[in-house]
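Take a look at the structure set out below.
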Amino acid sequence: MPDWHQIVRRNLRVLKACSPEFAERVTQELADHLEDLYEGYLRAGLTEEISFQRTVDEAELSLTTLKLRLLKEDHMNGFTRRVGLPGLLTFASAMAIAWVLDFARIQPRTIWLSNGLFLSLPTVWFCLLPLCGALGAILSRRQGGSRLDGMMAAVFPAAVMGIVLLLIFVAGWAISLFVNDYGWNWALAVPGLALGLASYAILTAIPLLLGAAASERAKRISARLV
Amino acid sequence: MASVSAQIKRGSAELAVLTLLAASPLHGYEIAKRIESETDGVLRFDIASLYPMLYRFERKAWVKAEWQTLANGRRRRCYRLTPLGRKQLAPLREQWRAFFRAFQNITGFQNA
């Protein structure tokens, strides 16, 4: 009897990236299917050699397509599909807009405060961010995400920038512990962090959420019209 | 048009599989063979089209899969329609009935 498990494993290497339980289950199930298919050909009067060849040909063709479908819909876990990837695309689109604005020399407005602190306000970027928020929400909803998933995908760029600012803050403080005369000043660092979070996390999140909310509203209106 | 065609294909495949499972639990190969034989080979399912659909149904809790020992002593993973799946089947059937009726009216086909 041919080793159908081996044939499945050889043609479906993508299963290595899945959980062991899922991989084992799929391998066993598909090997069983191939075994039944092979025996069906034998019962139909084909020789062992021809039955084997037909089964392998069918398996190789089907398993290649199956691999693509597993990658597309089954392999990725729900959160990645509904929030992670739409969020990353939202982030990429927001960064692309920022890059284009920078290229066009449209600079953020800078409001100087006391002690050399300043608040950076990329107003033009803020005005365009609702488009990115709407994109994230739409992509998430198309992947079966809930309204909350859509909001999370939309606000992803603000979350990333908030986390990056916090990491820079922690890294700066950590370096100051080891480097003499580094110039770490809590009285400046903490307000600086707060201002950075205000402009690049909180104020960024607002237009992104507005875009997501607008896409939700548009969806509801179009559903009502249909 | 391509998306409509894909939707129709997907919808008809879902209806066929759910209808079969409503009658009795079956394993993957049996489902494929039954659909092929009962449609005189017009509808055919291969591994690539059948299993992703079954896994999707399972995720949606429309079917439940369990390893069962068959009469020939072999173990196979059999799919059984859940009450939720049965609930999904009724409107799906009605939609397709309406679709065929509308199609008959336009084309004049009988027993479409």
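Residues are referred to by chain and number: the chain letter is A, B, ... according to the order shown in the structure tokens, the number counts from 1 in that chain, and ligands are numbered separately from 1 in the order shown.
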Query raised in the report: Mind listing as a list in words which residues of chain B are within 9 Å of chain A, counting only C-alpha atoms?
Result: His27, Gly28, Tyr29, Glu30, Asp46, Ile47, Ala48, Ser49, Tyr51, Pro52, Tyr55, Arg56, Arg75, Arg76 and Arg77 of chain B
With all heavy atoms retained, write the just-selected residues as a tab-separated table (two decimals), in the first residue's frame.
```tsv
chain	number	residue	atom	x	y	z
B	27	HIS	N	-17.97	11.05	5.69
B	27	HIS	CA	-16.58	11.54	5.66
B	27	HIS	C	-16.31	12.17	4.30
B	27	HIS	O	-17.12	12.03	3.36
B	27	HIS	CB	-15.58	10.45	6.04
B	27	HIS	CG	-15.58	9.23	5.17
B	27	HIS	ND1	-14.92	9.19	3.96
B	27	HIS	CD2	-16.16	8.01	5.34
B	27	HIS	CE1	-15.08	7.99	3.44
B	27	HIS	NE2	-15.84	7.25	4.24
B	28	GLY	N	-15.16	12.84	4.19
B	28	GLY	CA	-14.87	13.66	3.02
B	28	GLY	C	-15.01	12.93	1.69
B	28	GLY	O	-15.67	13.40	0.76
B	29	TYR	N	-14.39	11.74	1.60
B	29	TYR	CA	-14.43	11.00	0.34
B	29	TYR	C	-15.86	10.62	-0.03
B	29	TYR	O	-16.26	10.72	-1.19
B	29	TYR	CB	-13.55	9.76	0.46
B	29	TYR	CG	-13.55	8.90	-0.79
B	29	TYR	CD1	-12.85	9.28	-1.92
B	29	TYR	CD2	-14.28	7.70	-0.83
B	29	TYR	CE1	-12.86	8.50	-3.07
B	29	TYR	CE2	-14.30	6.91	-1.98
B	29	TYR	CZ	-13.58	7.32	-3.09
B	29	TYR	OH	-13.60	6.55	-4.22
B	30	GLU	N	-16.62	10.21	0.99
B	30	GLU	CA	-18.03	9.84	0.75
B	30	GLU	C	-18.81	11.03	0.20
B	30	GLU	O	-19.64	10.87	-0.69
B	30	GLU	CB	-18.68	9.41	2.07
B	30	GLU	CG	-18.54	7.94	2.39
B	30	GLU	CD	-19.29	7.61	3.69
B	30	GLU	OE1	-19.20	8.41	4.64
B	30	GLU	OE2	-19.94	6.58	3.74
B	46	ASP	N	-13.02	18.06	-5.68
B	46	ASP	CA	-11.72	17.47	-5.38
B	46	ASP	C	-11.31	17.93	-3.98
B	46	ASP	O	-12.03	18.68	-3.32
B	46	ASP	CB	-10.68	17.83	-6.45
B	46	ASP	CG	-10.44	19.33	-6.53
B	46	ASP	OD1	-10.98	20.06	-5.68
B	46	ASP	OD2	-9.73	19.76	-7.44
B	47	ILE	N	-10.15	17.45	-3.56
B	47	ILE	CA	-9.67	17.76	-2.21
B	47	ILE	C	-9.62	19.27	-1.98
B	47	ILE	O	-10.01	19.77	-0.92
B	47	ILE	CB	-8.25	17.15	-2.04
B	47	ILE	CG1	-8.36	15.64	-1.87
B	47	ILE	CG2	-7.51	17.78	-0.88
B	47	ILE	CD1	-7.03	14.93	-1.83
B	48	ALA	N	-9.15	19.99	-3.00
B	48	ALA	CA	-8.93	21.43	-2.84
B	48	ALA	C	-10.22	22.20	-2.64
B	48	ALA	O	-10.23	23.25	-2.00
B	48	ALA	CB	-8.18	21.98	-4.05
B	49	SER	N	-11.31	21.70	-3.23
B	49	SER	CA	-12.56	22.45	-3.07
B	49	SER	C	-13.36	21.97	-1.87
B	49	SER	O	-14.08	22.75	-1.25
B	49	SER	CB	-13.41	22.36	-4.35
B	49	SER	OG	-13.53	21.02	-4.75
B	51	TYR	N	-12.30	20.21	1.20
B	51	TYR	CA	-11.86	20.32	2.60
B	51	TYR	C	-11.83	21.75	3.14
B	51	TYR	O	-12.27	21.97	4.28
B	51	TYR	CB	-10.52	19.59	2.80
B	51	TYR	CG	-10.74	18.09	2.77
B	51	TYR	CD1	-10.58	17.37	1.61
B	51	TYR	CD2	-11.21	17.42	3.89
B	51	TYR	CE1	-10.84	16.01	1.54
B	51	TYR	CE2	-11.48	16.06	3.84
B	51	TYR	CZ	-11.29	15.36	2.67
B	51	TYR	OH	-11.57	14.02	2.62
B	52	PRO	N	-11.37	22.75	2.36
B	52	PRO	CA	-11.46	24.10	2.93
B	52	PRO	C	-12.89	24.48	3.30
B	52	PRO	O	-13.12	25.15	4.30
B	52	PRO	CB	-10.94	25.00	1.78
B	52	PRO	CG	-10.05	24.11	1.00
B	52	PRO	CD	-10.68	22.75	1.06
B	55	TYR	N	-13.75	22.72	6.55
B	55	TYR	CA	-13.09	23.38	7.69
B	55	TYR	C	-13.78	24.70	8.02
B	55	TYR	O	-13.88	25.10	9.19
B	55	TYR	CB	-11.60	23.62	7.41
B	55	TYR	CG	-10.82	22.35	7.15
B	55	TYR	CD1	-9.68	22.36	6.36
B	55	TYR	CD2	-11.23	21.14	7.68
B	55	TYR	CE1	-8.97	21.20	6.10
B	55	TYR	CE2	-10.53	19.98	7.43
B	55	TYR	CZ	-9.39	20.00	6.64
B	55	TYR	OH	-8.71	18.86	6.39
B	56	ARG	N	-14.24	25.38	6.96
B	56	ARG	CA	-14.95	26.64	7.18
B	56	ARG	C	-16.28	26.39	7.91
B	56	ARG	O	-16.62	27.09	8.85
B	56	ARG	CB	-15.20	27.31	5.83
B	56	ARG	CG	-15.49	28.79	5.92
B	56	ARG	CD	-15.42	29.49	4.58
B	56	ARG	NE	-16.32	28.93	3.59
B	56	ARG	CZ	-15.93	28.41	2.44
B	56	ARG	NH1	-14.66	28.35	2.13
B	56	ARG	NH2	-16.81	27.91	1.59
B	75	ARG	N	-10.85	3.93	10.39
B	75	ARG	CA	-11.29	5.16	11.07
B	75	ARG	C	-11.30	6.30	10.06
B	75	ARG	O	-10.36	6.48	9.30
B	75	ARG	CB	-10.32	5.49	12.21
B	75	ARG	CG	-10.68	4.79	13.51
B	75	ARG	CD	-9.57	4.89	14.52
B	75	ARG	NE	-9.21	6.27	14.84
B	75	ARG	CZ	-9.90	7.05	15.64
B	75	ARG	NH1	-11.00	6.61	16.19
B	75	ARG	NH2	-9.50	8.28	15.91
B	76	ARG	N	-12.38	7.02	10.05
B	76	ARG	CA	-12.51	8.17	9.15
B	76	ARG	C	-13.10	9.33	9.93
B	76	ARG	O	-13.86	9.14	10.87
B	76	ARG	CB	-13.44	7.84	7.96
B	76	ARG	CG	-12.88	6.84	6.98
B	76	ARG	CD	-11.74	7.45	6.17
B	76	ARG	NE	-11.19	6.54	5.20
B	76	ARG	CZ	-10.14	5.74	5.38
B	76	ARG	NH1	-9.49	5.75	6.55
B	76	ARG	NH2	-9.70	4.95	4.42
B	77	ARG	N	-12.73	10.54	9.48
B	77	ARG	CA	-13.27	11.73	10.15
B	77	ARG	C	-14.61	12.07	9.50
B	77	ARG	O	-14.65	12.47	8.33
B	77	ARG	CB	-12.29	12.90	10.01
B	77	ARG	CG	-12.55	14.00	11.00
B	77	ARG	CD	-11.36	14.92	11.11
B	77	ARG	NE	-11.67	16.03	11.98
B	77	ARG	CZ	-11.54	16.01	13.31
B	77	ARG	NH1	-11.10	14.92	13.89
B	77	ARG	NH2	-11.86	17.06	14.03
```
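Excluding A:Arg109 and any residue on its chain fewer than 2 positions from it, the residues at most 6 Å away by only C-alpha atoms are Ser120, Leu121 and Pro122 of chain A.
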Next, dump the selected residues to file, keeping only C-alpha atoms, as an mmCIF file, in the first residue's frame.
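Result file selection_12.cif:
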```
data_model
loop_
_atom_site.group_PDB
_atom_site.id
_atom_site.type_symbol
_atom_site.label_atom_id
_atom_site.label_comp_id
_atom_site.auth_asym_id
_atom_site.auth_seq_id
_atom_site.Cartn_x
_atom_site.Cartn_y
_atom_site.Cartn_z
ATOM 1 C CA SER A 120 4.196 68.911 16.563
ATOM 2 C CA LEU A 121 0.907 69.045 14.637
ATOM 3 C CA PRO A 122 0.936 67.467 11.161
#
```
Requested in this report: Would you kindly return, as a list in words, each protein, DNA or RNA residue with an atom no farther than 6 Å from any atom of stretch 57-73 of chain B, considering only C-alpha atoms and excluding same-chain residues fewer than 4 positions away?
Outcome: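 Final neighbour list, sorted by chain and number: Arg77, Cys78, Tyr79, Arg80, Leu81, Thr82, Leu84 and Gly85 of chain B.
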Query - All residues 10 Å or closer to B:Phe109, only C-alpha atoms, same chain fewer than 6 positions away omitted, as an NGL selection string - result: :B and (100-101 or 103)
Report task. Find the spatial neighbours of A:Glu39, counting only C-alpha atoms, within a cut-off of 10 Å - ignore same-chain residues fewer than 5 positions away - and output them as an MDAnalysis selection string. Result -> chainID A and resid 33:34 44:46 48 51:52 55
Report task. From a DSSP calculation on the backbone, collect every residue of stretch 41-72 of chain B in alpha helix (DSSP H) and output the set as a ChimeraX atom specification. Result -> /B:47-59
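Non-sequential neighbours of A:Ile202 (distance at most 12 Å, separation of 6 or more positions within a chain, only C-alpha atoms) are Leu121, Phe126, Val155, Phe156, Pro157, Ala158, Ala159, Val160, Met161, Gly162, Ile163, Ala194, Leu195, Gly196, Leu208 and Leu209 of chain A.
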Selected residues, all heavy atoms, written as an mmCIF file, in the first residue's frame, please.
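Saved result, again.cif, follows:
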```cif
data_model
loop_
_atom_site.group_PDB
_atom_site.id
_atom_site.type_symbol
_atom_site.label_atom_id
_atom_site.label_comp_id
_atom_site.auth_asym_id
_atom_site.auth_seq_id
_atom_site.Cartn_x
_atom_site.Cartn_y
_atom_site.Cartn_z
ATOM 1 N N LEU A 121 2.264 69.321 15.138
ATOM 2 C CA LEU A 121 0.907 69.045 14.637
ATOM 3 C C LEU A 121 0.904 68.890 13.116
ATOM 4 O O LEU A 121 0.842 69.891 12.388
ATOM 5 C CB LEU A 121 -0.046 70.178 15.039
ATOM 6 C CG LEU A 121 -0.425 70.267 16.513
ATOM 7 C CD1 LEU A 121 -1.285 71.496 16.756
ATOM 8 C CD2 LEU A 121 -1.156 69.022 16.979
ATOM 9 N N PHE A 126 -3.168 64.771 9.383
ATOM 10 C CA PHE A 126 -4.375 64.465 10.174
ATOM 11 C C PHE A 126 -5.626 64.501 9.288
ATOM 12 O O PHE A 126 -6.524 63.679 9.432
ATOM 13 C CB PHE A 126 -4.558 65.468 11.318
ATOM 14 C CG PHE A 126 -3.626 65.249 12.485
ATOM 15 C CD1 PHE A 126 -3.411 66.264 13.417
ATOM 16 C CD2 PHE A 126 -2.969 64.039 12.672
ATOM 17 C CE1 PHE A 126 -2.551 66.078 14.498
ATOM 18 C CE2 PHE A 126 -2.102 63.851 13.754
ATOM 19 C CZ PHE A 126 -1.899 64.875 14.655
ATOM 20 N N VAL A 155 -7.139 52.006 14.123
ATOM 21 C CA VAL A 155 -6.343 52.794 15.069
ATOM 22 C C VAL A 155 -4.907 52.218 15.218
ATOM 23 O O VAL A 155 -4.083 52.777 15.941
ATOM 24 C CB VAL A 155 -7.116 52.839 16.425
ATOM 25 C CG1 VAL A 155 -6.795 51.669 17.314
ATOM 26 C CG2 VAL A 155 -6.936 54.158 17.113
ATOM 27 N N PHE A 156 -4.640 51.169 14.464
ATOM 28 C CA PHE A 156 -3.346 50.485 14.549
ATOM 29 C C PHE A 156 -2.132 51.432 14.392
ATOM 30 O O PHE A 156 -1.191 51.353 15.195
ATOM 31 C CB PHE A 156 -3.316 49.379 13.479
ATOM 32 C CG PHE A 156 -2.217 48.382 13.631
ATOM 33 C CD1 PHE A 156 -2.336 47.299 14.486
ATOM 34 C CD2 PHE A 156 -1.048 48.507 12.892
ATOM 35 C CE1 PHE A 156 -1.317 46.385 14.610
ATOM 36 C CE2 PHE A 156 -0.034 47.585 13.012
ATOM 37 C CZ PHE A 156 -0.156 46.520 13.870
ATOM 38 N N PRO A 157 -2.126 52.355 13.404
ATOM 39 C CA PRO A 157 -0.949 53.232 13.266
ATOM 40 C C PRO A 157 -0.697 54.064 14.524
ATOM 41 O O PRO A 157 0.451 54.229 14.932
ATOM 42 C CB PRO A 157 -1.321 54.145 12.088
ATOM 43 C CG PRO A 157 -2.344 53.396 11.323
ATOM 44 C CD PRO A 157 -3.116 52.607 12.339
ATOM 45 N N ALA A 158 -1.767 54.555 15.149
ATOM 46 C CA ALA A 158 -1.600 55.363 16.366
ATOM 47 C C ALA A 158 -1.022 54.503 17.489
ATOM 48 O O ALA A 158 -0.149 54.953 18.242
ATOM 49 C CB ALA A 158 -2.944 55.949 16.790
ATOM 50 N N ALA A 159 -1.488 53.258 17.570
ATOM 51 C CA ALA A 159 -0.983 52.351 18.609
ATOM 52 C C ALA A 159 0.495 52.068 18.392
ATOM 53 O O ALA A 159 1.292 52.090 19.341
ATOM 54 C CB ALA A 159 -1.792 51.051 18.596
ATOM 55 N N VAL A 160 0.869 51.829 17.141
ATOM 56 C CA VAL A 160 2.284 51.540 16.845
ATOM 57 C C VAL A 160 3.153 52.733 17.222
ATOM 58 O O VAL A 160 4.193 52.580 17.887
ATOM 59 C CB VAL A 160 2.469 51.193 15.342
ATOM 60 C CG1 VAL A 160 3.945 51.155 14.960
ATOM 61 C CG2 VAL A 160 1.815 49.860 15.022
ATOM 62 N N MET A 161 2.713 53.932 16.842
ATOM 63 C CA MET A 161 3.531 55.115 17.138
ATOM 64 C C MET A 161 3.598 55.370 18.640
ATOM 65 O O MET A 161 4.647 55.759 19.162
ATOM 66 C CB MET A 161 2.994 56.318 16.375
ATOM 67 C CG MET A 161 3.371 56.214 14.906
ATOM 68 S SD MET A 161 3.031 57.676 13.966
ATOM 69 C CE MET A 161 1.282 57.603 13.891
ATOM 70 N N GLY A 162 2.509 55.118 19.342
ATOM 71 C CA GLY A 162 2.514 55.255 20.795
ATOM 72 C C GLY A 162 3.517 54.296 21.430
ATOM 73 O O GLY A 162 4.304 54.683 22.307
ATOM 74 N N ILE A 163 3.506 53.061 20.950
ATOM 75 C CA ILE A 163 4.428 52.058 21.502
ATOM 76 C C ILE A 163 5.877 52.428 21.195
ATOM 77 O O ILE A 163 6.752 52.329 22.052
ATOM 78 C CB ILE A 163 4.073 50.654 20.944
ATOM 79 C CG1 ILE A 163 2.748 50.187 21.552
ATOM 80 C CG2 ILE A 163 5.169 49.641 21.255
ATOM 81 C CD1 ILE A 163 2.129 48.989 20.873
ATOM 82 N N ALA A 194 4.814 63.000 26.965
ATOM 83 C CA ALA A 194 3.364 63.296 26.968
ATOM 84 C C ALA A 194 2.963 64.050 25.700
ATOM 85 O O ALA A 194 1.939 63.740 25.081
ATOM 86 C CB ALA A 194 3.008 64.111 28.216
ATOM 87 N N LEU A 195 3.802 65.010 25.291
ATOM 88 C CA LEU A 195 3.486 65.781 24.078
ATOM 89 C C LEU A 195 3.568 64.895 22.832
ATOM 90 O O LEU A 195 2.736 64.999 21.927
ATOM 91 C CB LEU A 195 4.450 66.964 23.946
ATOM 92 C CG LEU A 195 4.244 68.096 24.960
ATOM 93 C CD1 LEU A 195 5.404 69.092 24.901
ATOM 94 C CD2 LEU A 195 2.921 68.815 24.677
ATOM 95 N N GLY A 196 4.575 64.027 22.812
ATOM 96 C CA GLY A 196 4.722 63.097 21.676
ATOM 97 C C GLY A 196 3.524 62.174 21.576
ATOM 98 O O GLY A 196 2.972 61.956 20.490
ATOM 99 N N LEU A 208 -8.306 58.694 12.533
ATOM 100 C CA LEU A 208 -8.389 57.293 12.086
ATOM 101 C C LEU A 208 -9.738 56.695 12.494
ATOM 102 O O LEU A 208 -10.414 56.030 11.700
ATOM 103 C CB LEU A 208 -7.246 56.468 12.698
ATOM 104 C CG LEU A 208 -5.845 56.755 12.149
ATOM 105 C CD1 LEU A 208 -4.787 56.119 13.033
ATOM 106 C CD2 LEU A 208 -5.707 56.240 10.716
ATOM 107 N N LEU A 209 -10.129 56.971 13.736
ATOM 108 C CA LEU A 209 -11.419 56.454 14.213
ATOM 109 C C LEU A 209 -12.583 57.105 13.483
ATOM 110 O O LEU A 209 -13.595 56.450 13.210
ATOM 111 C CB LEU A 209 -11.548 56.668 15.732
ATOM 112 C CG LEU A 209 -10.728 55.698 16.586
ATOM 113 C CD1 LEU A 209 -10.751 56.132 18.045
ATOM 114 C CD2 LEU A 209 -11.245 54.280 16.450
#
```
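Here atom CA of A:Ala92 and atom CA of A:Ala198 stand 20.9 Å from one another.
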Query - Residue neighbourhood A:Asp102, 12 Å, only C-alpha atoms, exclusion window fewer than 5 positions, as an NGL selection string - result: :A and (95-97 or 107-108 or 122 or 124-125)
Report task. Within chain B, find each residue whose DSSP state, derived from the backbone, is strand (DSSP E or B), and express the selection as a list in words. Result ->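 DSSP-assigned strand (DSSP E or B) residues in chain B: Leu26, His27, Val63, Lys64, Ala65, Glu66, Trp67, Gln68, Thr69, Arg75, Arg76, Arg77, Cys78, Tyr79, Arg80 and Leu81 of chain B.
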Output all heavy atoms of each residue in that selection to a file, as a compact mmCIF listing (two decimals), in the first residue's frame.
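The new file out25.txt reads:
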```
# COMPACT_ATOMS: atom_id res chain seq x y z
N LEU B 26 -21.18 11.98 7.11
CA LEU B 26 -20.36 11.39 6.04
C LEU B 26 -18.92 11.85 6.20
O LEU B 26 -18.66 12.93 6.74
CB LEU B 26 -20.85 11.85 4.67
CG LEU B 26 -22.26 11.44 4.22
CD1 LEU B 26 -22.65 12.24 2.98
CD2 LEU B 26 -22.34 9.95 3.94
N HIS B 27 -17.97 11.05 5.69
CA HIS B 27 -16.58 11.54 5.66
C HIS B 27 -16.31 12.17 4.30
O HIS B 27 -17.12 12.03 3.36
CB HIS B 27 -15.58 10.45 6.04
CG HIS B 27 -15.58 9.23 5.17
ND1 HIS B 27 -14.92 9.19 3.96
CD2 HIS B 27 -16.16 8.01 5.34
CE1 HIS B 27 -15.08 7.99 3.44
NE2 HIS B 27 -15.84 7.25 4.24
N VAL B 63 -21.00 22.34 11.16
CA VAL B 63 -20.80 20.88 11.20
C VAL B 63 -19.87 20.55 12.36
O VAL B 63 -19.13 21.41 12.84
CB VAL B 63 -20.18 20.33 9.88
CG1 VAL B 63 -21.05 20.61 8.68
CG2 VAL B 63 -18.78 20.86 9.66
N LYS B 64 -19.95 19.30 12.78
CA LYS B 64 -19.04 18.83 13.82
C LYS B 64 -18.33 17.60 13.26
O LYS B 64 -18.99 16.71 12.69
CB LYS B 64 -19.82 18.48 15.07
CG LYS B 64 -18.95 18.21 16.28
CD LYS B 64 -19.77 18.24 17.54
CE LYS B 64 -19.00 17.70 18.73
NZ LYS B 64 -17.65 18.22 18.88
N ALA B 65 -17.00 17.58 13.38
CA ALA B 65 -16.24 16.45 12.83
C ALA B 65 -15.77 15.54 13.96
O ALA B 65 -15.32 16.03 14.99
CB ALA B 65 -15.04 16.97 12.07
N GLU B 66 -15.93 14.25 13.75
CA GLU B 66 -15.50 13.27 14.75
C GLU B 66 -14.90 12.06 14.06
O GLU B 66 -15.39 11.65 13.00
CB GLU B 66 -16.69 12.81 15.59
CG GLU B 66 -17.12 13.80 16.65
CD GLU B 66 -18.49 13.50 17.22
OE1 GLU B 66 -19.24 12.72 16.58
OE2 GLU B 66 -18.81 14.04 18.27
N TRP B 67 -13.85 11.49 14.67
CA TRP B 67 -13.29 10.25 14.13
C TRP B 67 -14.25 9.12 14.45
O TRP B 67 -14.66 8.96 15.59
CB TRP B 67 -11.92 9.97 14.75
CG TRP B 67 -10.87 10.93 14.30
CD1 TRP B 67 -10.35 11.97 15.00
CD2 TRP B 67 -10.22 10.96 13.02
NE1 TRP B 67 -9.42 12.65 14.25
CE2 TRP B 67 -9.32 12.04 13.03
CE3 TRP B 67 -10.32 10.18 11.87
CZ2 TRP B 67 -8.52 12.37 11.94
CZ3 TRP B 67 -9.51 10.49 10.78
CH2 TRP B 67 -8.63 11.58 10.82
N GLN B 68 -14.60 8.37 13.45
CA GLN B 68 -15.51 7.23 13.65
C GLN B 68 -14.93 5.98 12.99
O GLN B 68 -14.26 6.08 11.96
CB GLN B 68 -16.88 7.52 13.04
CG GLN B 68 -17.68 8.53 13.86
CD GLN B 68 -19.06 8.77 13.27
OE1 GLN B 68 -19.49 8.09 12.34
NE2 GLN B 68 -19.76 9.75 13.81
N THR B 69 -15.21 4.84 13.61
CA THR B 69 -14.77 3.58 13.01
C THR B 69 -15.89 3.07 12.11
O THR B 69 -17.03 2.91 12.56
CB THR B 69 -14.44 2.55 14.11
OG1 THR B 69 -13.49 3.15 15.00
CG2 THR B 69 -13.83 1.29 13.51
N ARG B 75 -10.85 3.93 10.39
CA ARG B 75 -11.29 5.16 11.07
C ARG B 75 -11.30 6.30 10.06
O ARG B 75 -10.36 6.48 9.30
CB ARG B 75 -10.32 5.49 12.21
CG ARG B 75 -10.68 4.79 13.51
CD ARG B 75 -9.57 4.89 14.52
NE ARG B 75 -9.21 6.27 14.84
CZ ARG B 75 -9.90 7.05 15.64
NH1 ARG B 75 -11.00 6.61 16.19
NH2 ARG B 75 -9.50 8.28 15.91
N ARG B 76 -12.38 7.02 10.05
CA ARG B 76 -12.51 8.17 9.15
C ARG B 76 -13.10 9.33 9.93
O ARG B 76 -13.86 9.14 10.87
CB ARG B 76 -13.44 7.84 7.96
CG ARG B 76 -12.88 6.84 6.98
CD ARG B 76 -11.74 7.45 6.17
NE ARG B 76 -11.19 6.54 5.20
CZ ARG B 76 -10.14 5.74 5.38
NH1 ARG B 76 -9.49 5.75 6.55
NH2 ARG B 76 -9.70 4.95 4.42
N ARG B 77 -12.73 10.54 9.48
CA ARG B 77 -13.27 11.73 10.15
C ARG B 77 -14.61 12.07 9.50
O ARG B 77 -14.65 12.47 8.33
CB ARG B 77 -12.29 12.90 10.01
CG ARG B 77 -12.55 14.00 11.00
CD ARG B 77 -11.36 14.92 11.11
NE ARG B 77 -11.67 16.03 11.98
CZ ARG B 77 -11.54 16.01 13.31
NH1 ARG B 77 -11.10 14.92 13.89
NH2 ARG B 77 -11.86 17.06 14.03
N CYS B 78 -15.67 11.87 10.26
CA CYS B 78 -17.01 12.06 9.70
C CYS B 78 -17.59 13.42 10.13
O CYS B 78 -17.38 13.87 11.26
CB CYS B 78 -17.94 10.95 10.17
SG CYS B 78 -17.48 9.37 9.44
N TYR B 79 -18.31 14.03 9.22
CA TYR B 79 -18.90 15.35 9.47
C TYR B 79 -20.40 15.22 9.67
O TYR B 79 -21.07 14.53 8.89
CB TYR B 79 -18.61 16.29 8.29
CG TYR B 79 -17.15 16.64 8.18
CD1 TYR B 79 -16.27 15.79 7.49
CD2 TYR B 79 -16.64 17.77 8.78
CE1 TYR B 79 -14.92 16.09 7.41
CE2 TYR B 79 -15.29 18.07 8.71
CZ TYR B 79 -14.44 17.23 8.02
OH TYR B 79 -13.10 17.53 7.95
N ARG B 80 -20.86 15.82 10.73
CA ARG B 80 -22.28 15.75 11.08
C ARG B 80 -22.82 17.18 11.13
O ARG B 80 -22.15 18.08 11.66
CB ARG B 80 -22.40 15.09 12.45
CG ARG B 80 -23.78 14.96 13.01
CD ARG B 80 -23.76 14.09 14.28
NE ARG B 80 -22.82 14.58 15.30
CZ ARG B 80 -23.03 15.59 16.11
NH1 ARG B 80 -24.16 16.26 16.04
NH2 ARG B 80 -22.13 15.94 17.01
N LEU B 81 -24.02 17.38 10.58
CA LEU B 81 -24.62 18.72 10.61
C LEU B 81 -25.08 19.04 12.03
O LEU B 81 -25.73 18.21 12.67
CB LEU B 81 -25.81 18.75 9.64
CG LEU B 81 -26.25 20.11 9.14
CD1 LEU B 81 -25.16 20.78 8.30
CD2 LEU B 81 -27.52 19.98 8.32
```
